[in-house]
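Here's start_29.cif, which has mmCIF, C-alpha atoms and all ligand atoms:
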data_model
loop_
_atom_site.label_atom_id
_atom_site.label_comp_id
_atom_site.auth_asym_id
_atom_site.auth_seq_id
_atom_site.Cartn_x
_atom_site.Cartn_y
_atom_site.Cartn_z
CA MET A 14 0.00 0.00 0.00
CA THR A 15 1.33 3.50 -0.87
CA ASN A 16 2.45 5.30 2.25
CA LEU A 17 1.07 8.83 2.15
CA LEU A 18 2.39 9.57 5.65
CA GLN A 19 5.87 9.58 4.11
CA SER A 20 4.98 12.15 1.43
CA THR A 21 6.70 15.55 1.30
CA LYS A 22 3.75 17.49 2.73
CA PRO A 23 3.40 16.41 6.38
CA VAL A 24 -0.03 15.13 7.41
CA ARG A 25 -1.52 17.26 10.20
CA VAL A 26 -3.11 15.15 12.90
CA PHE A 27 -5.22 16.39 15.80
CA VAL A 28 -4.96 13.83 18.60
CA THR A 29 -7.34 13.89 21.56
CA GLY A 30 -5.97 12.06 24.56
CA GLY A 31 -2.55 11.96 22.92
CA ALA A 32 -0.76 12.27 26.26
CA GLY A 33 -2.36 9.06 27.54
CA TYR A 34 -0.99 5.53 27.41
CA ILE A 35 -2.09 4.46 23.92
CA GLY A 36 -2.34 8.00 22.53
CA SER A 37 1.26 8.79 23.42
CA HIS A 38 2.60 5.66 21.73
CA VAL A 39 0.65 6.64 18.63
CA THR A 40 1.86 10.25 18.71
CA LEU A 41 5.43 8.98 19.02
CA ALA A 42 4.95 6.78 15.95
CA LEU A 43 3.24 9.59 14.00
CA ARG A 44 6.02 12.00 14.88
CA GLU A 45 8.63 9.49 13.74
CA ALA A 46 6.64 9.08 10.49
CA GLY A 47 6.90 12.84 9.85
CA CYS A 48 3.37 13.97 10.79
CA GLU A 49 2.64 17.31 12.43
CA LEU A 50 0.72 16.98 15.65
CA CYS A 51 -1.59 18.82 17.96
CA VAL A 52 -2.30 16.85 21.12
CA TYR A 53 -5.44 17.94 22.96
CA ASP A 54 -5.50 16.41 26.42
CA ASN A 55 -6.89 17.47 29.81
CA LEU A 56 -4.01 15.61 31.54
CA THR A 57 -6.29 13.94 34.09
CA THR A 58 -4.76 10.58 33.25
CA GLY A 59 -2.32 11.66 30.56
CA HIS A 60 1.19 12.99 31.15
CA ARG A 61 2.62 16.26 29.99
CA GLU A 62 5.99 14.48 29.67
CA ALA A 63 4.59 11.96 27.18
CA VAL A 64 4.46 14.49 24.32
CA LEU A 65 6.56 17.37 23.05
CA GLN A 66 5.60 20.57 24.84
CA ASP A 67 4.95 22.58 21.67
CA GLU A 68 2.50 19.92 20.44
CA LEU A 69 0.35 20.01 23.56
CA VAL A 70 -2.84 21.97 24.15
CA LYS A 71 -4.21 21.33 27.62
CA GLY A 72 -7.97 21.25 27.34
CA ASP A 73 -11.10 19.27 27.98
CA LEU A 74 -13.35 17.79 25.31
CA ALA A 75 -16.34 19.05 27.27
CA ASP A 76 -15.10 22.60 26.68
CA ARG A 77 -16.39 23.13 23.14
CA LYS A 78 -15.00 26.63 22.92
CA ALA A 79 -11.45 25.61 23.80
CA LEU A 80 -11.66 22.52 21.62
CA GLY A 81 -12.95 24.51 18.64
CA LYS A 82 -10.23 27.11 19.11
CA ALA A 83 -7.49 24.48 19.20
CA MET A 84 -8.84 22.69 16.13
CA LYS A 85 -9.33 25.89 14.18
CA ALA A 86 -5.82 27.09 14.95
CA PHE A 87 -4.25 23.77 13.94
CA ARG A 88 -6.26 23.02 10.75
CA PRO A 89 -5.93 19.24 10.87
CA ASP A 90 -6.14 16.84 7.96
CA ALA A 91 -7.40 14.15 10.32
CA VAL A 92 -8.56 13.61 13.89
CA LEU A 93 -7.49 10.67 16.04
CA HIS A 94 -9.75 10.34 19.07
CA PHE A 95 -8.30 8.56 22.11
CA ALA A 96 -9.53 10.65 25.05
CA ALA A 97 -11.88 8.49 27.10
CA SER A 98 -12.57 6.84 30.42
CA ILE A 99 -11.50 3.23 30.18
CA GLU A 100 -12.15 1.19 33.31
CA VAL A 101 -14.82 -1.48 33.04
CA GLY A 102 -15.36 -1.74 36.83
CA GLU A 103 -15.67 2.02 37.29
CA SER A 104 -18.10 2.21 34.39
CA VAL A 105 -20.42 -0.18 36.24
CA SER A 106 -20.36 1.94 39.41
CA ASP A 107 -20.36 5.35 37.67
CA PRO A 108 -22.11 4.84 34.30
CA LEU A 109 -23.00 8.48 33.66
CA LYS A 110 -19.34 9.47 33.77
CA TYR A 111 -18.79 7.03 30.90
CA TYR A 112 -21.72 8.24 28.81
CA ARG A 113 -20.58 11.84 29.29
CA ASN A 114 -16.85 11.34 28.69
CA ASN A 115 -17.08 8.71 25.99
CA SER A 116 -20.33 9.46 24.16
CA VAL A 117 -21.32 13.09 24.76
CA ASN A 118 -17.76 14.39 24.44
CA ALA A 119 -17.27 12.41 21.24
CA LEU A 120 -20.36 14.14 19.88
CA ASN A 121 -18.80 17.55 20.62
CA LEU A 122 -15.68 16.51 18.81
CA LEU A 123 -17.54 15.12 15.80
CA GLU A 124 -19.67 18.24 15.43
CA LEU A 125 -16.57 20.44 15.43
CA THR A 126 -14.76 18.03 13.11
CA ARG A 127 -17.48 18.47 10.52
CA GLU A 128 -17.92 22.22 11.13
CA LEU A 129 -14.25 22.61 10.27
CA ASN A 130 -14.54 20.32 7.25
CA VAL A 131 -12.15 17.71 8.58
CA ASP A 132 -13.27 14.51 6.92
CA LYS A 133 -10.95 11.80 8.28
CA PHE A 134 -11.41 10.35 11.73
CA VAL A 135 -9.84 7.41 13.58
CA PHE A 136 -11.69 6.25 16.68
CA SER A 137 -10.42 4.22 19.63
CA SER A 138 -13.15 1.66 20.09
CA THR A 139 -13.02 -1.51 22.10
CA ALA A 140 -13.77 -5.22 22.08
CA ALA A 141 -16.12 -4.42 24.98
CA VAL A 142 -18.73 -3.48 22.35
CA TYR A 143 -19.21 -7.22 21.76
CA GLY A 144 -20.19 -8.00 25.36
CA SER A 145 -19.86 -11.74 25.89
CA PRO A 146 -19.48 -12.97 22.33
CA GLN A 147 -20.46 -16.52 21.53
CA GLN A 148 -17.87 -16.67 18.80
CA PHE A 149 -14.10 -17.10 19.32
CA PRO A 150 -12.40 -15.41 17.62
CA VAL A 151 -15.02 -12.70 17.18
CA THR A 152 -15.48 -11.00 13.79
CA GLU A 153 -16.48 -7.38 13.28
CA ASP A 154 -19.96 -8.31 12.10
CA ALA A 155 -20.85 -10.05 15.38
CA ILE A 156 -23.82 -8.64 17.25
CA LEU A 157 -22.92 -5.71 19.50
CA ALA A 158 -24.24 -6.43 22.98
CA PRO A 159 -22.04 -4.69 25.55
CA ILE A 160 -22.38 -5.93 29.12
CA ASN A 161 -20.97 -2.83 30.80
CA PRO A 162 -21.42 0.95 30.39
CA TYR A 163 -17.84 1.29 29.11
CA GLY A 164 -18.63 -0.90 26.10
CA ALA A 165 -22.04 0.72 25.64
CA SER A 166 -20.57 4.23 25.72
CA LYS A 167 -18.08 3.31 22.99
CA MET A 168 -20.76 1.54 20.97
CA MET A 169 -22.76 4.80 20.97
CA THR A 170 -19.84 6.63 19.38
CA GLU A 171 -19.45 3.91 16.78
CA ARG A 172 -23.10 4.49 15.96
CA PHE A 173 -22.57 8.26 15.67
CA LEU A 174 -19.76 7.59 13.22
CA ASP A 175 -21.73 5.10 11.18
CA ASP A 176 -24.75 7.38 10.91
CA LEU A 177 -22.62 10.42 10.13
CA ALA A 178 -20.72 8.59 7.40
CA ALA A 179 -24.04 7.44 5.89
CA ALA A 180 -25.37 11.00 5.85
CA ASP A 181 -22.20 12.73 4.75
CA GLN A 182 -20.40 11.30 1.74
CA GLU A 183 -17.22 13.27 2.44
CA PHE A 184 -16.72 11.92 5.95
CA LYS A 185 -14.68 8.73 6.34
CA TYR A 186 -13.64 7.02 9.53
CA VAL A 187 -11.93 3.95 10.90
CA SER A 188 -13.05 2.55 14.24
CA LEU A 189 -10.39 0.35 15.77
CA ARG A 190 -11.78 -2.12 18.27
CA TYR A 191 -8.93 -2.68 20.70
CA PHE A 192 -8.62 -5.95 22.54
CA ASN A 193 -6.34 -5.94 25.62
CA VAL A 194 -3.60 -3.42 25.07
CA ALA A 195 -0.40 -3.90 27.06
CA GLY A 196 3.37 -3.52 26.86
CA ALA A 197 5.41 -0.36 26.40
CA ASP A 198 7.82 1.35 24.02
CA PRO A 199 10.76 -1.11 23.78
CA LYS A 200 13.21 1.80 24.25
CA GLY A 201 11.57 2.67 27.57
CA ARG A 202 10.52 6.19 26.52
CA LEU A 203 6.81 5.64 27.19
CA GLY A 204 4.48 3.29 29.01
CA GLN A 205 1.41 3.11 31.17
CA ASP A 206 1.23 5.31 34.25
CA TYR A 207 -2.16 5.61 35.95
CA ALA A 208 -2.68 6.71 39.53
CA ASN A 209 -4.81 3.63 40.24
CA PRO A 210 -4.05 1.07 37.57
CA THR A 211 -6.59 -1.73 37.25
CA HIS A 212 -5.30 -3.63 34.24
CA LEU A 213 -3.97 -7.11 34.85
CA ILE A 214 -0.41 -6.86 33.52
CA THR A 215 0.26 -3.51 35.19
CA ARG A 216 -1.18 -4.74 38.51
CA ALA A 217 0.92 -7.90 38.32
CA LEU A 218 4.14 -5.97 37.62
CA LYS A 219 3.49 -3.40 40.33
CA THR A 220 2.81 -6.26 42.72
CA ALA A 221 6.18 -7.76 41.71
CA LEU A 222 7.73 -4.38 42.54
CA GLY A 223 6.11 -4.49 45.99
CA LYS A 224 3.67 -1.62 45.36
CA TYR A 225 0.73 -3.90 46.18
CA PRO A 226 0.83 -6.71 48.74
CA LYS A 227 -0.87 -9.23 46.43
CA LEU A 228 -2.53 -9.69 43.05
CA GLN A 229 -6.17 -10.75 43.03
CA ILE A 230 -7.62 -13.08 40.41
CA PHE A 231 -11.18 -11.97 39.71
CA GLY A 232 -13.07 -15.22 39.19
CA THR A 233 -11.87 -18.78 38.81
CA ASP A 234 -15.21 -20.34 37.83
CA TYR A 235 -15.48 -19.19 34.21
CA ALA A 236 -16.13 -21.77 31.49
CA THR A 237 -12.52 -21.67 30.31
CA GLN A 238 -9.71 -24.21 30.51
CA ASP A 239 -8.37 -23.02 33.88
CA GLY A 240 -11.49 -21.16 35.08
CA THR A 241 -10.04 -17.66 34.60
CA CYS A 242 -10.89 -15.14 31.88
CA ILE A 243 -9.14 -15.24 28.53
CA ARG A 244 -8.06 -12.07 26.72
CA ASP A 245 -6.23 -11.26 23.50
CA TYR A 246 -3.27 -9.12 24.67
CA ILE A 247 -1.90 -6.83 21.96
CA HIS A 248 1.38 -4.93 22.20
CA VAL A 249 0.83 -1.17 22.25
CA VAL A 250 3.48 -0.67 19.55
CA ASP A 251 1.58 -2.96 17.14
CA LEU A 252 -1.59 -1.09 18.03
CA ALA A 253 0.15 2.22 17.30
CA GLN A 254 1.13 0.88 13.88
CA ALA A 255 -2.52 -0.04 13.26
CA HIS A 256 -3.39 3.66 13.74
CA LEU A 257 -0.75 4.76 11.25
CA ASP A 258 -2.04 2.18 8.80
CA ALA A 259 -5.64 3.34 9.37
CA LEU A 260 -4.68 6.98 8.86
CA ASN A 261 -2.79 6.16 5.69
CA TYR A 262 -5.76 4.13 4.48
CA LEU A 263 -8.04 7.15 4.96
CA MET A 264 -5.52 9.50 3.32
CA LEU A 265 -5.64 7.23 0.27
CA GLY A 266 -9.36 8.05 0.01
CA SER A 267 -10.63 4.66 1.14
CA ASP A 268 -14.01 3.92 2.67
CA SER A 269 -14.98 3.81 6.35
CA GLN A 270 -14.18 0.63 8.27
CA VAL A 271 -14.59 -1.02 11.65
CA LEU A 272 -11.60 -3.20 12.46
CA ASN A 273 -10.60 -5.50 15.31
CA CYS A 274 -7.13 -4.98 16.77
CA GLY A 275 -5.83 -8.14 18.36
CA TYR A 276 -3.64 -11.12 17.54
CA GLY A 277 -6.33 -13.76 17.25
CA HIS A 278 -5.34 -15.81 20.27
CA GLY A 279 -5.64 -15.36 23.99
CA PHE A 280 -4.16 -16.07 27.40
CA SER A 281 -5.90 -16.79 30.67
CA VAL A 282 -5.38 -14.65 33.77
CA ARG A 283 -3.35 -17.51 35.27
CA GLU A 284 -1.14 -17.74 32.18
CA VAL A 285 -0.47 -14.00 32.32
CA ILE A 286 0.43 -14.22 36.00
CA ASP A 287 2.79 -17.15 35.37
CA MET A 288 4.54 -15.16 32.62
CA ALA A 289 4.74 -12.06 34.84
CA LYS A 290 6.41 -14.16 37.54
CA GLN A 291 8.82 -15.65 35.00
CA VAL A 292 9.78 -12.27 33.49
CA THR A 293 10.18 -10.48 36.83
CA GLY A 294 11.68 -13.42 38.71
CA VAL A 295 9.38 -12.54 41.62
CA ASP A 296 6.95 -15.11 43.06
CA PHE A 297 4.46 -12.46 44.22
CA PRO A 298 1.40 -13.43 46.29
CA VAL A 299 -1.83 -14.18 44.41
CA GLU A 300 -5.33 -14.40 45.90
CA GLU A 301 -8.37 -15.91 44.22
CA VAL A 302 -11.50 -13.81 44.72
CA GLY A 303 -14.97 -13.53 43.15
CA ARG A 304 -15.76 -12.31 39.66
CA ARG A 305 -15.45 -8.62 38.79
CA PRO A 306 -18.77 -7.24 37.49
CA GLY A 307 -18.86 -6.66 33.74
CA ASP A 308 -16.16 -9.17 32.76
CA PRO A 309 -16.89 -11.54 29.84
CA ALA A 310 -15.22 -14.98 30.00
CA GLN A 311 -13.36 -14.72 26.70
CA LEU A 312 -12.44 -12.05 24.18
CA ILE A 313 -10.35 -13.01 21.18
CA ALA A 314 -10.10 -11.01 17.96
CA ASP A 315 -10.56 -12.29 14.47
CA ASN A 316 -7.95 -10.01 12.87
CA ASN A 317 -8.27 -11.09 9.24
CA LYS A 318 -9.99 -7.88 8.21
CA ILE A 319 -7.34 -5.46 9.48
CA ILE A 320 -4.56 -7.58 8.00
CA ARG A 321 -6.33 -7.73 4.65
CA LEU A 322 -7.49 -4.11 4.39
CA LEU A 323 -4.64 -2.22 6.05
CA SER A 324 -1.81 -4.70 5.37
CA TRP A 325 -1.18 -4.51 9.12
CA HIS A 326 1.90 -6.50 10.15
CA PRO A 327 2.10 -7.11 13.90
CA ARG A 328 5.70 -7.44 15.07
CA HIS A 329 5.38 -8.08 18.81
CA ASP A 330 2.87 -10.94 18.97
CA ASP A 331 4.43 -12.60 22.00
CA LEU A 332 3.19 -12.44 25.61
CA LYS A 333 6.75 -12.57 26.94
CA THR A 334 7.80 -9.54 24.86
CA ILE A 335 4.69 -7.66 25.95
CA ILE A 336 5.43 -8.28 29.62
CA GLU A 337 9.18 -7.69 29.25
CA THR A 338 8.66 -4.24 27.69
CA ALA A 339 6.09 -3.36 30.36
CA TRP A 340 8.49 -4.57 33.06
CA PHE A 341 11.36 -2.48 31.64
CA TRP A 342 9.06 0.54 31.79
CA GLU A 343 7.76 -0.20 35.32
CA GLN A 344 11.28 -0.47 36.68
CA LYS A 345 12.31 2.76 35.00
CA LEU A 346 9.20 4.51 36.30
CA ALA A 347 9.86 3.29 39.82
CA LEU A 348 13.44 4.50 39.63
CA SER A 349 13.15 7.90 37.99
CA GLY A 350 9.46 8.77 37.29
CA PHE A 351 7.94 9.80 33.99
CA LYS A 352 10.72 11.49 31.99
CA GLN A 353 10.03 14.12 29.33
CA ILE A 354 10.09 12.55 25.87
CA VAL A 355 12.48 14.21 23.42
N1 LIG B 1 -7.95 -9.16 36.31
C1 LIG B 1 -7.64 -9.82 37.49
N2 LIG B 1 -6.99 -9.14 38.46
C2 LIG B 1 -6.64 -7.83 38.33
C3 LIG B 1 -6.93 -7.17 37.13
C4 LIG B 1 -7.60 -7.86 36.13
O1 LIG B 1 -7.96 -10.99 37.64
O2 LIG B 1 -6.05 -7.27 39.28
C5 LIG B 1 -8.63 -9.89 35.23
C6 LIG B 1 -9.96 -9.26 34.80
O3 LIG B 1 -11.00 -9.74 35.63
C7 LIG B 1 -10.07 -9.72 33.36
C8 LIG B 1 -8.61 -9.78 32.88
O4 LIG B 1 -7.82 -9.81 34.08
O5 LIG B 1 -10.58 -11.02 33.31
C9 LIG B 1 -8.20 -8.57 32.08
O6 LIG B 1 -8.63 -7.41 32.78
P1 LIG B 1 -8.09 -5.98 32.48
O7 LIG B 1 -8.65 -5.05 33.52
O8 LIG B 1 -6.61 -6.04 32.34
O9 LIG B 1 -8.67 -5.62 31.05
P2 LIG B 1 -10.19 -5.64 30.49
O10 LIG B 1 -10.37 -6.97 29.85
O11 LIG B 1 -11.12 -5.36 31.62
O12 LIG B 1 -10.18 -4.54 29.49
#
In structure tokens, what does this structure look like?
Amino acid sequence: MTNLLQSTKPVRVFVTGGAGYIGSHVTLALREAGCELCVYDNLTTGHREAVLQDELVKGDLADRKALGKAMKAFRPDAVLHFAASIEVGESVSDPLKYYRNNSVNALNLLELTRELNVDKFVFSSTAAVYGSPQQFPVTEDAILAPINPYGASKMMTERFLDDLAAADQEFKYVSLRYFNVAGADPKGRLGQDYANPTHLITRALKTALGKYPKLQIFGTDYATQDGTCIRDYIHVVDLAQAHLDALNYLMLGSDSQVLNCGYGHGFSVREVIDMAKQVTGVDFPVEEVGRRPGDPAQLIADNNKIIRLLSWHPRHDDLKTIIETAWFWEQKLALSGFKQIV
């Protein structure tokens, strides 16, 4: 596929949530590909240090005026929308936060995107839109039946995009349905850093570092081989590449698409813990507790569509590599904090 991101005129990309975990890995890759960036982030979970200072506009998506001003000033060719609340458990206890941050704010952004005649949009969606799929691996045409407000709030935005694209022939989008994103920049420049991390690999590694006394396994009675949930863990660097491929695909004038982002195979919670112990060399304490509300037993991507349409080539499809890069980052973070990217 022709690579328009490498052309002489740099592509201008407006990135919401670009200072967050996934957003910052994508902005790093876009920068390295020669794009010009404006990162719009309220820095509630993102880090100032994760992006170049002259790329950053601190602002909230709920603030239409500030958002419009930033977009107008930057004149993007495309919008990449990462900013969102992302914790399944929290979405169950505080659903309205999720509908506001993930659905209503996306609506603000889309309205401004069209007002300013920006016609290319890449959306961070999630496998949580499938709910508890009956099909493994799950294809993009499976029924959407989210079982938590997080998935439902993202599904709403997918619907906005679909309806908008149907009504407006100019507007093209790619929704990327992420499976379980993990790992970190192999050079240790970026990684995950949340105040209260809930994701399995991060919790396991922080437990190995002694930041938590034990790791809990949420549910051992699922209908899976070892009773724990199975997820398709995808390296954040491969996911970042999927965004570059999606952007290039849109720049080539191609049609809107919804695409799974995963490797097509999964690991159980126990398998992840075993690998985390092997990589860290720490036999940290593990406690089996009840199920966490909103968790489906299995989520595995059918990734044929993204490979076929975007010629996406994953390079880090290996649980050990994922955990090793995350471990490198966790140790660096513990030692010297989040360092300004250069
Ligand atoms: N999980 C767990 N203990 C933890 C964190 C997560 O057992 O401390 C389980 C969780 O119940 C799910 C899987 O690990 O089955 C992946 O959860 P995570 O929060 O990492 O991602 P999600 O699938 O919710 O996006």
TODO: Counting all atoms listed in the file, figure out which residue out of A:Glu100, A:Asp251, A:Asp239, A:Asp54 gets nearest to ligand LIG 1 (chain B).
DONE: A:Glu100
At a cut-off of 10 Å, can you tabulate as JSON lines every residue of chain A near ligand LIG 1 (chain B) together with its closest atom pair and the distance in Å to one decimal, using all atoms listed in the file and ordering rows by chain then number?
{"residue": "A:Ile99", "atom": "CA", "partner": "B:LIG1", "partner_atom": "O12", "distance": 7.9}
{"residue": "A:Glu100", "atom": "CA", "partner": "B:LIG1", "partner_atom": "O11", "distance": 6.8}
{"residue": "A:Val101", "atom": "CA", "partner": "B:LIG1", "partner_atom": "O11", "distance": 5.5}
{"residue": "A:Gly102", "atom": "CA", "partner": "B:LIG1", "partner_atom": "O11", "distance": 7.6}
{"residue": "A:Thr139", "atom": "CA", "partner": "B:LIG1", "partner_atom": "O12", "distance": 8.5}
{"residue": "A:Ala140", "atom": "CA", "partner": "B:LIG1", "partner_atom": "O12", "distance": 8.3}
{"residue": "A:Ala141", "atom": "CA", "partner": "B:LIG1", "partner_atom": "O12", "distance": 7.5}
{"residue": "A:Tyr163", "atom": "CA", "partner": "B:LIG1", "partner_atom": "O12", "distance": 9.6}
{"residue": "A:Gly164", "atom": "CA", "partner": "B:LIG1", "partner_atom": "O12", "distance": 9.8}
{"residue": "A:Tyr191", "atom": "CA", "partner": "B:LIG1", "partner_atom": "O12", "distance": 9.1}
{"residue": "A:Phe192", "atom": "CA", "partner": "B:LIG1", "partner_atom": "O12", "distance": 7.3}
{"residue": "A:Asn193", "atom": "CA", "partner": "B:LIG1", "partner_atom": "O12", "distance": 5.6}
{"residue": "A:Val194", "atom": "CA", "partner": "B:LIG1", "partner_atom": "O12", "distance": 8.0}
{"residue": "A:Ala195", "atom": "CA", "partner": "B:LIG1", "partner_atom": "O8", "distance": 8.4}
{"residue": "A:Pro210", "atom": "CA", "partner": "B:LIG1", "partner_atom": "O7", "distance": 8.7}
{"residue": "A:Thr211", "atom": "CA", "partner": "B:LIG1", "partner_atom": "O7", "distance": 5.4}
{"residue": "A:His212", "atom": "CA", "partner": "B:LIG1", "partner_atom": "O8", "distance": 3.3}
{"residue": "A:Leu213", "atom": "CA", "partner": "B:LIG1", "partner_atom": "C3", "distance": 3.7}
{"residue": "A:Ile214", "atom": "CA", "partner": "B:LIG1", "partner_atom": "O8", "distance": 6.4}
{"residue": "A:Thr215", "atom": "CA", "partner": "B:LIG1", "partner_atom": "O8", "distance": 7.9}
{"residue": "A:Arg216", "atom": "CA", "partner": "B:LIG1", "partner_atom": "O2", "distance": 5.5}
{"residue": "A:Ala217", "atom": "CA", "partner": "B:LIG1", "partner_atom": "O2", "distance": 7.1}
{"residue": "A:Thr220", "atom": "CA", "partner": "B:LIG1", "partner_atom": "O2", "distance": 9.6}
{"residue": "A:Lys227", "atom": "CA", "partner": "B:LIG1", "partner_atom": "O2", "distance": 9.0}
{"residue": "A:Leu228", "atom": "CA", "partner": "B:LIG1", "partner_atom": "O2", "distance": 5.7}
{"residue": "A:Gln229", "atom": "CA", "partner": "B:LIG1", "partner_atom": "N2", "distance": 4.9}
{"residue": "A:Ile230", "atom": "CA", "partner": "B:LIG1", "partner_atom": "O1", "distance": 3.5}
{"residue": "A:Phe231", "atom": "CA", "partner": "B:LIG1", "partner_atom": "O1", "distance": 4.0}
{"residue": "A:Gly232", "atom": "CA", "partner": "B:LIG1", "partner_atom": "O1", "distance": 6.8}
{"residue": "A:Thr233", "atom": "CA", "partner": "B:LIG1", "partner_atom": "O1", "distance": 8.8}
{"residue": "A:Tyr235", "atom": "CA", "partner": "B:LIG1", "partner_atom": "O5", "distance": 9.6}
{"residue": "A:Thr241", "atom": "CA", "partner": "B:LIG1", "partner_atom": "O5", "distance": 6.8}
{"residue": "A:Cys242", "atom": "CA", "partner": "B:LIG1", "partner_atom": "O5", "distance": 4.4}
{"residue": "A:Ile243", "atom": "CA", "partner": "B:LIG1", "partner_atom": "O5", "distance": 6.5}
{"residue": "A:Arg244", "atom": "CA", "partner": "B:LIG1", "partner_atom": "C9", "distance": 6.4}
{"residue": "A:Asp245", "atom": "CA", "partner": "B:LIG1", "partner_atom": "O10", "distance": 8.7}
{"residue": "A:Tyr246", "atom": "CA", "partner": "B:LIG1", "partner_atom": "O8", "distance": 8.9}
{"residue": "A:Phe280", "atom": "CA", "partner": "B:LIG1", "partner_atom": "C8", "distance": 9.5}
{"residue": "A:Ser281", "atom": "CA", "partner": "B:LIG1", "partner_atom": "C8", "distance": 7.8}
{"residue": "A:Val282", "atom": "CA", "partner": "B:LIG1", "partner_atom": "O4", "distance": 5.4}
{"residue": "A:Arg283", "atom": "CA", "partner": "B:LIG1", "partner_atom": "O1", "distance": 8.3}
{"residue": "A:Val285", "atom": "CA", "partner": "B:LIG1", "partner_atom": "O4", "distance": 8.6}
{"residue": "A:Ile286", "atom": "CA", "partner": "B:LIG1", "partner_atom": "O1", "distance": 9.1}
{"residue": "A:Val299", "atom": "CA", "partner": "B:LIG1", "partner_atom": "N2", "distance": 9.4}
{"residue": "A:Glu300", "atom": "CA", "partner": "B:LIG1", "partner_atom": "N2", "distance": 9.3}
{"residue": "A:Glu301", "atom": "CA", "partner": "B:LIG1", "partner_atom": "O1", "distance": 8.2}
{"residue": "A:Val302", "atom": "CA", "partner": "B:LIG1", "partner_atom": "O1", "distance": 8.4}
{"residue": "A:Gly303", "atom": "CA", "partner": "B:LIG1", "partner_atom": "O1", "distance": 9.3}
{"residue": "A:Arg304", "atom": "CA", "partner": "B:LIG1", "partner_atom": "O3", "distance": 6.7}
{"residue": "A:Arg305", "atom": "CA", "partner": "B:LIG1", "partner_atom": "O3", "distance": 5.6}
{"residue": "A:Pro306", "atom": "CA", "partner": "B:LIG1", "partner_atom": "O3", "distance": 8.4}
{"residue": "A:Gly307", "atom": "CA", "partner": "B:LIG1", "partner_atom": "O11", "distance": 8.1}
{"residue": "A:Asp308", "atom": "CA", "partner": "B:LIG1", "partner_atom": "O5", "distance": 5.9}
{"residue": "A:Pro309", "atom": "CA", "partner": "B:LIG1", "partner_atom": "O5", "distance": 7.2}
{"residue": "A:Ala310", "atom": "CA", "partner": "B:LIG1", "partner_atom": "O5", "distance": 6.9}
{"residue": "A:Gln311", "atom": "CA", "partner": "B:LIG1", "partner_atom": "O5", "distance": 8.1}
{"residue": "A:Leu312", "atom": "CA", "partner": "B:LIG1", "partner_atom": "O10", "distance": 7.9}
What's around A:Arg77 at 9 Å? Count all atoms listed in the file, leave out sequence neighbours fewer than 6 positions away in its own chain, and write the answer as a PDB file with C-alpha atoms, in the frame of the given file.
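Written file, part03.pdb:
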ATOM      1  CA  ASN A 118     -17.760  14.390  24.440  1.00  0.00           C
ATOM      2  CA  ASN A 121     -18.800  17.550  20.620  1.00  0.00           C
ATOM      3  CA  LEU A 122     -15.680  16.510  18.810  1.00  0.00           C
ATOM      4  CA  LEU A 125     -16.570  20.440  15.430  1.00  0.00           C
TER       5      LEU A 125
END
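Atom CA of A:Asn115 to atom CA of A:His326 spans 29.0 Å [interatomic distance, one decimal].
Taking atom CA of A:Cys51 and atom CA of A:Asn16 as the two end points, the separation is 21.1 Å.
Checking A:Tyr111, A:Phe27, A:Tyr34, A:Tyr186 one by one against A:Ser269, counting only C-alpha atoms, you find the shortest gap at A:Tyr186.
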Open item on the list: Could you list, as a PyMOL selection string, every residue within 10 Å of A:Pro199, counting all atoms listed in the file and ignoring same-chain residues fewer than 4 positions away?
Closed with: chain A and resi 203-204+250+334-335+337-339+341-342
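Across the model, the gap from atom CA of A:Thr126 to atom CA of A:Pro89 is 9.2 Å.
Of the listed residues (A:Asp330, A:Glu49, A:Ser324, A:Leu80), A:Glu49 comes nearest to A:Asp67; the distances count all atoms listed in the file.
Remark: for A:Ala165, the closest of the candidate residues A:Gln147, A:Gln344, A:Ser138, A:Ser188 is A:Ser138 (distances computed over all atoms listed in the file).
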